[in-house]
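**Student:** Before we start, here is the structure in question, set down as structure tokens.
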Amino acid sequence: MAGWLFVITLVLALVAVYRPFGDYMYRVVTGTRSNVVERGVYRLVGVNPSAEQTWGVYARSVLAFSAVSILFLYAFLRLQDKLWLSLGFDPVTSHVAWNTAVSFVSNTNWQAYSGESTMGHLAQMAGLAVQNFVSAAVGIAVAVALIRGFASRGSGELGNFWVDLTRITVRVLLPVAALATLIFMVGGMVQNLSGGTDVTTLTGAAQHITGGPVASQEAIKLLGTNGGGFYNANSAHPFENPTTWTNWIQIFLILLIPFSLPRVFGRMVGQNRQGYAIVAVMAVLAIASTALTIGFELHGAGTVPQAVGAAMEGKETRFGIPDSATFAAATTLTSTGAVNSFHDSYTALGGMMPMVNMMLGEVAPGGTGSGLYGLLILAVITVFVAGLMVGRTPEYLGKKIGAREMKLASSYFLITPALVLIGTAAAFANGHNSTALNVGPHGLSEVLYAFTSASNNNGSAFAGITVNTPWWDTALGLAMLLGRFLPIVLVLALAGSLARQKVTPESEGTLPTHQPLFVGLVVGVTVVLVALTFLPALALGPIAEGLS
Amino acid sequence: MTLLAEKPAVESPKPVGGGLLDPQQLWRSLPSAVRKLDPRVMWRNPVMFIVEIGAVFTTVLSIADPSVFAWIITVWLWLTVVFANLAEAVAEGRGKAQAAALRAAKQDTVAYLKDGREIPATQLTLGDVVVVEAGQVIPGDGDVIEGIASVDESAITGESAPVIRESGGDRSAVTGGTKVLSDRIVVKITQRPGESFVDRMIALVEGANRQKTPNEIALNILLAALTIIFLLSVVTLQPLAIFSKAFNAAAPDTVALDGNGVTGIVLVSLIVCLIPTTIGALLSAIGIAGMDRLVQRNVLAMSGRAVEAAGDVNTLLLDKTGTITLGNRQAAEFVPVDGVTAATLADAAQLSSLADETPEGRSVVVLAKNQFGLREREPGLMPEATFVPFTAQTRMSGVDLGGRQIRKGAASAVMKWVRQNGGHPTEEVGEIVDAISGSGGTPLVVAGLDPGQPARALGVIHLKDVVKAGMRARFDEMRRMGIRTVMITGDNPRTAKAIADEAGVDDFLAEATPEDKLAYIKKEQDGGRLVAMTGDGTNDAPALAQADVGVAMNTGTSAAKEAGNMVDLDSDPTKLIEIVEIGKQLLITRGALTTFSISNDIAKYFAIIPAMFAAVYPGLDTLNVMRLHSPGSAILSAVIFNALVIMALIPLALRGVRYRPSSASALLRRNLWIYGLGGVIVPFLGIKLIDLLVQFIPGI
């Protein structure tokens, strides 16, 4: 009962904020006035905030900014012992530093390290947390650029990346994160710069109780769908997620921006109903997936789950099954990757669901920005096939989906499955799967999960696999890098191509893209394409395990 | 614009469809299908090229390690490729016969140059002037510069009635390969060697040098992407399969899986079953058949792009005369004035029109006969009658019978005549004339003069345009398809509006000059719309060139035919509506078969995945929902189904899916049910049925 309440209140809260928060973000990304802070940033970076960029310039700006971020973060981690608040930790090893730098800049936040025993406070705050903000902003900026492509009347311009990045960070992410930090502190989260306290426990053993700027780190970890935890145990750690209600807030923060962005889409293209259609696709997939995960965990097969009534292994008792399963669904439906339970310990089919969520391309609702642009790509592919079936050159929001658009959309769609499948196959072919804890189908799932998570920029781990070896750090680092930036370039190229087109007026012969039929079709295309791509691999992993 | 030969009114839209598939045709196309196995030809179709590579690979494997299973799979993989080629060959074959007939007409033609030389027609070049006499075949495309002749154009139009071709005006164009039946004409050649209309037509019906259309290219990209995904997901499966087999090494080897992983034969089978072979095999046949359907309707499209654009058209510009209305105005009513009886007026009107051979004049005679039973009087039987012909100056015509005079014509001219002859026309005439003009009709005033009396107005003939039957329904249909219809007319705006309202078009362009038309098209295009129009005159050429779909009438000038991207050999302007439907049908067929092809994969997974891995993980047998006999029979059934479905769908690809004009939502819903849901269900049944048969093959 409490479980149902937990899920239903979440849905209601998201419904309630869809319009106001979406409208607020719409005003942020379409506004023209700059405040003092923003003007300072523009002067510092040396950009003219009113200059529009074509897709090429926009893409180069994104790539340049991200490249500099990776280099900066890498250097930061390698030199952390020379900086303040290092808590005496050693510099991060080169392969872990590369992996981590890529991971945080790509909004993945895969952690090949254990936070409390690797990172000093300054590295956490000035290195990782900064990327938590800007990598999320980059995703939103790219999504907004794509929307501008749809909304454009043929100018070919997509706005200004530096302006988008600054405005989103200053006006959306910072204020909401600040508010969330306060709420988390009230909820009992740690927030200090202490190096920790050594205590003697009742049994007489010595224990080191860590401290640190946890609450502030948490707020953006979730709001920006980052997921990199302060502690290794992530949101299962009582300092990172003390109570059921902070757990609720955490999930709400994860879903807040991704579920509200379709409103921005609807507003910008001048048809709110188009935003409702997109959010409906997201909601259908998300609710179905969450319900299945909860169902599998509550009624999962297996001796122990049957005996205790549910699959409680790897879950915090203070959360219980529905709250844990909802978190698992939310974190993988978005590109967050934070965890409050151990996905490796889920039932076979329950553990398959987070994997499937990611394989969907993280579009329901997906990462900040990346979810929306991923879903819009799927909508473009759907429009193409459906558009042919109504006997016209397919068009979406008045923009024709021709050869160039299909080339870009298809390539986008190819990238992540290719990275996941090639990575997984390579791990097995080279024997790197041997670092997995398990053999058989479960061991296969562990490897498949790792590559699925990295390529889709999720960052959650199935765990049960040792990944801080040079091969894993490199391979997953590459998967994260390519899985983030190749799609971004393709999305921006698509945006550019759409922005150069004139708008074809709507008529009776136009495929309506706001009706339930179309929503169902996008859901169907998403599920079928993913099923067809990953079913053979899943059959040898979680399905084989679940059906045995 | 010239007035075109009147066509019977459009009654109901003909369903768009092609001829049925003749089994003989399949057999005849087989050699050509086998020739297409040449890899240099195959690589142009990436999906089927992959299947061919797979077939070669399994052939090698079967030779190295023969088994019944391996050989049957190999044979069926080859059949899959042959079936795909067969679809294309059959589609091409339909045009071949037509091309042969055209070629025959073209060969052995001698051109008699005006300077007396005789050269083979194939050597004619731009600017040559040739003389063609009765009984000779016109050696090349050109314009008549001297003379008039009746020409038999049945070689290209299939229409046996001869047509008149004369120098000057809009009927000057002649086509090479047609035959002069009477008289002698001098023709200036307007084509380069090898680029004649017949050459283009041959290339077109044969499907040679067929360019892929934009949508076809886009669809090919999607299919290529899907193919790459499935290749990846199958190839990357191998290390996982080896790992799984090693984990459960005690599991028995099967035809599908042994210690080395999935066997090569099964790996290829899986790839072939998953990649979109159905649509890949039929895609080019659909395109060729679409063009063929146009040719069957006597329309020549200069590019497939134009046909596709026709499906996208938002705005249709239609000439009023001949398309929306019957060729000419017709007398609809006699309105007498000043106590004159209607019969008297009709009688006078008839008399004045006897020598008037214009369609308007004839219609007056017809109306008088229909309404008042007045027999037509032969002008020759009235020796005392002197007919006054119509001139631009007098703007009236009439007849003098002894002292009696009757005049008929434009209101102002006739009134003037009445006054000049001592008459005083009443206000009533003016009111009637204004009322008729106001309703969009044309008033003709009839006045008479008996010997010794002043002239007086007898009444007014109401001439009006007659909208063809069924046009309103047709335009409603267009509206449902999201297409705006615009009527183009030289009439004044008031008349134009009245006819536009009656016909039910969405908009009209009155007093239209060629420049107005061009401007209208550009305005529509600036608003992102695609425009289609028909035309035949030289002054239509700029607009035809500007329109996205420009259909030139075959009776039109060379300039018009050159400017448009389609030529209608029947010169029927309403054909545009059918062209739009064929364009739409082409796209729908592609979309429907793509959906069908992808939906098929679901069932194939349920057949193949348990077949491959149930030995290692017995739990996976749960997925064998069709309860197929054995791993071998399951895989074989999937492969055979995959090949047979191509054959089964060839007729559909050639004919096109059924198209009924309706809104996009309705179309989508219908096609999703049939091809989406059908695509999911049919293979479950098909594979199960095939499995029931192949399980009896020994060794499976």
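Identifiers in the structure tokens: chain A, B, ... in order shown; residue index from 1 per chain; ligand index from 1 in order shown.
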With only C-alpha atoms as the counted atoms, please give the residues lying no more than 7 Å from stretch 37-48 of chain B, apart from itself and same-chain residues fewer than 3 positions off, as a ChimeraX atom specification.
**Tutor:** /B:34,51-52,81,224,227,277,280-281
**Student:** What's the 8 Å shell around A:His208, counting only C-alpha atoms, without same-chain residues fewer than 4 positions away, as a list in words?
**Tutor:**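 That gives Gly196, Thr197, Asp198 and Val199 of chain A.
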**Student:** Taking the DSSP assignment computed from this structure's backbone, write out as a PyMOL selection string all residues of stretch 93-277 of chain B that belong to strand (DSSP E or B).
**Tutor:** chain B and resi 110-113+118-120+129-133+137+142-146+148-152+163-166+173-174+179-182+184-189+257-258+261-262
**Student:** I'd like the neighbourhood of B:Val137 as an mmCIF file with N, CA and C atoms, in the first residue's frame, where a residue qualifies if any of its atoms comes within 9 Å (using only C-alpha atoms), though same-chain residues fewer than 6 positions away should be ignored.
**Tutor:**
data_model
loop_
_atom_site.group_PDB
_atom_site.id
_atom_site.type_symbol
_atom_site.label_atom_id
_atom_site.label_comp_id
_atom_site.auth_asym_id
_atom_site.auth_seq_id
_atom_site.Cartn_x
_atom_site.Cartn_y
_atom_site.Cartn_z
ATOM 1 N N ALA B 105 8.340 0.890 -84.198
ATOM 2 C CA ALA B 105 7.824 2.057 -84.897
ATOM 3 C C ALA B 105 8.955 3.008 -85.271
ATOM 4 N N LYS B 106 9.985 2.968 -84.465
ATOM 5 C CA LYS B 106 11.050 3.941 -84.630
ATOM 6 C C LYS B 106 12.038 3.526 -85.726
ATOM 7 N N THR B 109 12.946 4.330 -90.167
ATOM 8 C CA THR B 109 12.291 5.540 -90.647
ATOM 9 C C THR B 109 13.325 6.375 -91.406
ATOM 10 N N VAL B 110 12.886 6.854 -92.543
ATOM 11 C CA VAL B 110 13.774 7.702 -93.330
ATOM 12 C C VAL B 110 13.286 9.132 -93.220
ATOM 13 N N ALA B 111 14.214 10.040 -93.025
ATOM 14 C CA ALA B 111 13.851 11.448 -92.957
ATOM 15 C C ALA B 111 14.140 12.102 -94.301
ATOM 16 N N GLY B 176 7.893 11.981 -83.043
ATOM 17 C CA GLY B 176 8.519 10.992 -83.914
ATOM 18 C C GLY B 176 7.864 9.643 -83.730
ATOM 19 N N GLY B 177 7.706 8.888 -84.821
ATOM 20 C CA GLY B 177 7.105 7.561 -84.716
ATOM 21 C C GLY B 177 5.628 7.564 -85.018
ATOM 22 N N THR B 178 5.023 8.764 -85.102
ATOM 23 C CA THR B 178 3.600 8.813 -85.466
ATOM 24 C C THR B 178 3.495 8.982 -86.984
ATOM 25 N N LYS B 179 2.306 8.728 -87.519
ATOM 26 C CA LYS B 179 2.173 8.607 -88.961
ATOM 27 C C LYS B 179 1.236 9.671 -89.522
ATOM 28 N N VAL B 180 1.670 10.326 -90.603
ATOM 29 C CA VAL B 180 0.817 11.307 -91.262
ATOM 30 C C VAL B 180 -0.177 10.567 -92.153
#
**Student:** Which residue out of A:Gly509, A:Gly524, A:Pro242, A:Gly40 has the minimum interatomic distance to chain B when only C-alpha atoms are used?
**Tutor:**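 Closest to chain B of all the choices is A:Gly509.
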**Student:** Compare B:Ile598, B:Leu317, B:Ala503, B:Ala653 by their minimum atom-to-atom distance to B:Gly676, counting only C-alpha atoms, and give me the closest one.
**Tutor:**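 Comparing B:Ile598, B:Leu317, B:Ala503, B:Ala653 against B:Gly676, the winner is B:Ile598.
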**Student:** Using only C-alpha atoms, find which residues of chain A lie within 7 Å of chain B and jot them down as a ChimeraX atom specification.
**Tutor:** /A:385-386,388-393,402-403,406-407,410,414,418,421-422,425,428-429,440,502-505,507-512,533-534,536-537,544,547-548
**Student:** Write to file, as a CSV table (one decimal), in the first residue's frame, the residues of the selection just made, with N, CA and C atoms.
**Tutor:**
chain,number,residue,atom,x,y,z
A,385,VAL,N,8.3,5.9,-41.2
A,385,VAL,CA,7.6,4.7,-41.6
A,385,VAL,C,6.1,5.0,-41.7
A,386,ALA,N,5.6,5.6,-40.7
A,386,ALA,CA,4.2,5.9,-40.7
A,386,ALA,C,3.8,6.9,-41.8
A,388,LEU,N,5.1,7.3,-44.7
A,388,LEU,CA,5.0,6.6,-46.0
A,388,LEU,C,3.7,5.9,-46.1
A,389,MET,N,3.2,5.4,-45.0
A,389,MET,CA,1.9,4.6,-45.0
A,389,MET,C,0.7,5.5,-45.2
A,390,VAL,N,0.9,6.8,-45.1
A,390,VAL,CA,-0.2,7.7,-45.4
A,390,VAL,C,0.0,8.3,-46.8
A,391,GLY,N,1.0,7.9,-47.5
A,391,GLY,CA,1.2,8.3,-48.9
A,391,GLY,C,1.8,9.7,-49.1
A,392,ARG,N,2.6,10.2,-48.2
A,392,ARG,CA,3.3,11.4,-48.4
A,392,ARG,C,4.7,11.3,-48.0
A,393,THR,N,5.5,12.2,-48.5
A,393,THR,CA,6.9,12.3,-48.0
A,393,THR,C,6.7,12.6,-46.5
A,402,GLY,N,13.7,13.6,-45.1
A,402,GLY,CA,14.2,13.0,-46.4
A,402,GLY,C,15.4,12.2,-46.1
A,403,ALA,N,16.2,12.0,-47.2
A,403,ALA,CA,17.4,11.1,-47.1
A,403,ALA,C,18.4,11.6,-46.0
A,406,MET,N,17.1,11.0,-42.5
A,406,MET,CA,17.1,9.6,-42.2
A,406,MET,C,18.5,9.1,-41.9
A,407,LYS,N,19.5,9.6,-42.7
A,407,LYS,CA,20.8,9.2,-42.5
A,407,LYS,C,21.3,9.6,-41.1
A,410,SER,N,19.2,7.5,-38.5
A,410,SER,CA,19.5,6.1,-38.4
A,410,SER,C,20.9,5.9,-37.8
A,414,LEU,N,22.0,3.8,-34.5
A,414,LEU,CA,23.0,2.7,-34.6
A,414,LEU,C,24.0,2.7,-33.5
A,418,ALA,N,25.5,-0.5,-31.2
A,418,ALA,CA,26.8,-0.9,-31.7
A,418,ALA,C,27.8,-1.0,-30.6
A,421,LEU,N,26.9,-3.8,-28.1
A,421,LEU,CA,27.1,-5.2,-28.6
A,421,LEU,C,28.6,-5.5,-28.8
A,422,ILE,N,29.3,-4.5,-29.5
A,422,ILE,CA,30.7,-4.8,-29.8
A,422,ILE,C,31.5,-4.8,-28.5
A,425,ALA,N,30.8,-8.2,-26.8
A,425,ALA,CA,31.4,-9.3,-27.5
A,425,ALA,C,32.9,-9.3,-27.3
A,428,PHE,N,34.0,-10.7,-24.0
A,428,PHE,CA,33.9,-12.2,-24.0
A,428,PHE,C,35.0,-12.8,-24.8
A,429,ALA,N,35.2,-12.2,-26.0
A,429,ALA,CA,36.2,-12.7,-26.9
A,429,ALA,C,37.6,-12.6,-26.3
A,440,GLY,N,28.1,-18.2,-16.2
A,440,GLY,CA,26.8,-18.5,-16.7
A,440,GLY,C,26.0,-17.2,-17.1
A,502,LYS,N,12.1,25.1,-44.9
A,502,LYS,CA,10.8,25.8,-44.7
A,502,LYS,C,9.8,24.9,-44.1
A,503,VAL,N,8.8,25.5,-43.5
A,503,VAL,CA,7.7,24.7,-42.9
A,503,VAL,C,6.6,24.4,-43.9
A,504,THR,N,6.3,23.1,-44.0
A,504,THR,CA,5.2,22.7,-44.8
A,504,THR,C,3.9,22.8,-44.0
A,505,PRO,N,2.9,23.5,-44.5
A,505,PRO,CA,1.7,23.7,-43.7
A,505,PRO,C,1.0,22.4,-43.5
A,507,SER,N,-2.1,19.8,-43.2
A,507,SER,CA,-3.3,19.6,-43.9
A,507,SER,C,-4.0,18.3,-43.5
A,508,GLU,N,-5.1,18.0,-44.0
A,508,GLU,CA,-5.8,16.7,-43.7
A,508,GLU,C,-4.9,15.5,-44.1
A,509,GLY,N,-4.0,15.7,-45.1
A,509,GLY,CA,-3.2,14.6,-45.5
A,509,GLY,C,-1.9,14.5,-44.7
A,510,THR,N,-1.7,15.4,-43.7
A,510,THR,CA,-0.5,15.3,-42.9
A,510,THR,C,-0.8,14.3,-41.8
A,511,LEU,N,0.3,13.5,-41.5
A,511,LEU,CA,0.2,12.5,-40.4
A,511,LEU,C,0.1,13.3,-39.1
A,512,PRO,N,-1.0,13.1,-38.3
A,512,PRO,CA,-1.1,13.9,-37.1
A,512,PRO,C,-0.1,13.2,-36.0
A,533,THR,N,17.0,-5.7,-31.5
A,533,THR,CA,18.4,-5.6,-31.4
A,533,THR,C,19.0,-6.4,-30.3
A,534,PHE,N,18.4,-6.4,-29.1
A,534,PHE,CA,19.1,-7.0,-28.0
A,534,PHE,C,18.6,-8.3,-27.5
A,536,PRO,N,18.7,-11.4,-28.7
A,536,PRO,CA,19.6,-12.5,-28.7
A,536,PRO,C,20.6,-12.5,-27.5
A,537,ALA,N,21.1,-11.3,-27.2
A,537,ALA,CA,22.0,-11.2,-26.1
A,537,ALA,C,21.3,-11.3,-24.7
A,544,ALA,N,17.5,-16.3,-20.0
A,544,ALA,CA,17.9,-17.7,-19.7
A,544,ALA,C,17.9,-17.9,-18.2
A,547,LEU,N,14.2,-17.8,-16.9
A,547,LEU,CA,13.2,-18.9,-17.3
A,547,LEU,C,13.7,-20.3,-16.9
A,548,SER,N,14.9,-20.3,-16.2
A,548,SER,CA,15.4,-21.6,-15.8
A,548,SER,C,14.6,-22.1,-14.6
**Student:** B:Leu102, B:Leu86, B:Ile324, B:Val567: which is nearest B:Ala496, counting only C-alpha atoms?
**Tutor:**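 Checking each candidate against B:Ala496, we get B:Ile324 as the closest.
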**Student:** Please list as JSON, numbers by chain every residue within 8 Å of B:Gly142, counting only C-alpha atoms and excluding residues in the same chain fewer than 6 positions away.
**Tutor:** {"B": [173, 174, 175, 176, 187, 188, 189, 190, 191, 558]}
**Student:** Since we have the selection now, will you write its residues out, keeping C-alpha atoms, as a PDB file, in the first residue's frame?
**Tutor:**
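Saved the output as again_31.pdb:
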ATOM      1  CA  ALA B 173       3.888  19.682 -81.929  1.00  0.00           C
ATOM      2  CA  VAL B 174       4.400  16.306 -83.565  1.00  0.00           C
ATOM      3  CA  THR B 175       6.044  13.235 -82.164  1.00  0.00           C
ATOM      4  CA  GLY B 176       8.519  10.992 -83.914  1.00  0.00           C
ATOM      5  CA  VAL B 187       8.503  19.872 -89.501  1.00  0.00           C
ATOM      6  CA  LYS B 188      11.362  21.530 -87.693  1.00  0.00           C
ATOM      7  CA  ILE B 189      13.086  18.992 -85.482  1.00  0.00           C
ATOM      8  CA  THR B 190      13.357  20.001 -81.800  1.00  0.00           C
ATOM      9  CA  GLN B 191      15.197  16.998 -80.378  1.00  0.00           C
ATOM     10  CA  SER B 558       6.776  21.231 -77.590  1.00  0.00           C
TER      11      SER B 558
END
**Student:** Report as a ChimeraX atom specification all protein, DNA and RNA residues lying within 7 Å of A:Thr244, evaluated on only C-alpha atoms, omitting residues in the same chain fewer than 3 positions from it.
**Tutor:** /A:247-248,318-319
**Student:** Keeping only N, CA and C atoms, write the selected residues to a file as a CSV table (one decimal), in the first residue's frame.
**Tutor:**
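Dumped everything to selection_22.csv:
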chain,number,residue,atom,x,y,z
A,247,ASN,N,14.3,9.7,-0.1
A,247,ASN,CA,14.3,8.8,-1.3
A,247,ASN,C,13.3,9.3,-2.3
A,248,TRP,N,12.1,9.7,-1.8
A,248,TRP,CA,11.0,10.2,-2.7
A,248,TRP,C,11.5,11.4,-3.5
A,318,ARG,N,15.1,0.1,5.0
A,318,ARG,CA,14.3,1.3,5.2
A,318,ARG,C,13.6,1.8,4.0
A,319,PHE,N,13.9,1.2,2.8
A,319,PHE,CA,13.1,1.5,1.6
A,319,PHE,C,12.1,0.5,1.2
**Student:** When you look at stretch 443-453 of chain B with a cut-off of 8 Å (counting only C-alpha atoms), what residues show up, excluding the ones that are within fewer than 3 positions of it in the same chain? I need them as an mmCIF file with C-alpha atoms, in the first residue's frame.
**Tutor:**
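File produced: result01.cif:
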data_model
loop_
_atom_site.group_PDB
_atom_site.id
_atom_site.type_symbol
_atom_site.label_atom_id
_atom_site.label_comp_id
_atom_site.auth_asym_id
_atom_site.auth_seq_id
_atom_site.Cartn_x
_atom_site.Cartn_y
_atom_site.Cartn_z
ATOM 1 C CA LEU B 345 -37.998 34.316 -78.145
ATOM 2 C CA ALA B 348 -35.996 34.064 -82.882
ATOM 3 C CA ALA B 349 -32.955 32.871 -80.989
ATOM 4 C CA GLY B 403 -37.556 42.488 -94.252
ATOM 5 C CA ARG B 404 -37.385 40.766 -90.903
ATOM 6 C CA GLN B 405 -34.147 41.140 -89.018
ATOM 7 C CA ILE B 406 -33.014 39.313 -85.907
ATOM 8 C CA ARG B 407 -29.883 40.147 -83.945
ATOM 9 C CA LYS B 408 -28.240 38.332 -81.069
ATOM 10 C CA GLY B 409 -25.184 39.356 -79.109
ATOM 11 C CA ALA B 410 -23.625 41.262 -76.255
ATOM 12 C CA ALA B 411 -26.179 43.389 -74.423
ATOM 13 C CA VAL B 414 -27.723 44.762 -79.387
ATOM 14 C CA VAL B 418 -32.287 48.569 -81.236
ATOM 15 C CA VAL B 433 -28.834 41.212 -68.036
ATOM 16 C CA ILE B 436 -27.536 36.907 -65.251
ATOM 17 C CA SER B 437 -24.085 38.491 -65.102
ATOM 18 C CA ARG B 456 -37.483 45.844 -80.034
ATOM 19 C CA ALA B 457 -35.764 43.586 -77.572
ATOM 20 C CA LEU B 458 -37.303 40.103 -77.415
ATOM 21 C CA GLY B 459 -35.468 38.744 -74.460
ATOM 22 C CA VAL B 460 -32.245 37.360 -73.108
ATOM 23 C CA ILE B 461 -30.523 33.986 -73.535
ATOM 24 C CA HIS B 462 -28.827 32.828 -70.375
ATOM 25 C CA LEU B 463 -25.530 31.135 -71.232
#
**Student:** For A:Gly320, find every residue with an atom within 10 Å (counting only C-alpha atoms), except residues of its own chain fewer than 5 positions away, and show them as an MDAnalysis selection string.
**Tutor:** chainID A and resid 2:3 244 310:312 315 325 341
**Student:** Keeping only N, CA and C atoms, write those residues as a tab-separated table (two decimals), in the first residue's frame.
**Tutor:**
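Output file out28.tsv follows:
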chain	number	residue	atom	x	y	z
A	2	ALA	N	1.84	1.26	0.93
A	2	ALA	CA	2.76	2.40	0.99
A	2	ALA	C	3.51	2.51	-0.33
A	3	GLY	N	3.78	1.35	-0.92
A	3	GLY	CA	4.50	1.31	-2.19
A	3	GLY	C	3.70	2.00	-3.28
A	244	THR	N	12.90	7.46	3.82
A	244	THR	CA	11.99	7.19	2.72
A	244	THR	C	11.61	8.47	1.99
A	310	ALA	N	9.53	-11.84	-0.84
A	310	ALA	CA	9.94	-10.90	-1.88
A	310	ALA	C	11.46	-10.91	-1.96
A	311	ALA	N	11.99	-10.35	-3.07
A	311	ALA	CA	13.43	-10.38	-3.27
A	311	ALA	C	14.08	-9.23	-2.51
A	312	MET	N	14.38	-9.45	-1.24
A	312	MET	CA	14.92	-8.36	-0.41
A	312	MET	C	16.44	-8.29	-0.45
A	315	LYS	N	18.68	-4.99	-0.99
A	315	LYS	CA	17.86	-3.78	-0.85
A	315	LYS	C	17.89	-3.30	0.60
A	325	ALA	N	12.68	-0.54	-6.12
A	325	ALA	CA	12.45	-0.86	-7.53
A	325	ALA	C	12.12	0.41	-8.31
A	341	SER	N	19.86	0.48	-4.31
A	341	SER	CA	19.85	-0.95	-4.03
A	341	SER	C	20.82	-1.60	-5.00
**Student:** Just list as a ChimeraX atom specification whatever in stretch 133-217 of chain A DSSP marks as alpha helix (DSSP H).
**Tutor:** /A:133-151,161-167,174-186,214-217
**Student:** What separation in Å, quoted to one decimal, exists between atom CA of A:Leu292 and atom CA of A:Leu444?
**Tutor:**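 Here the two named atoms are 21.8 Å from each other.
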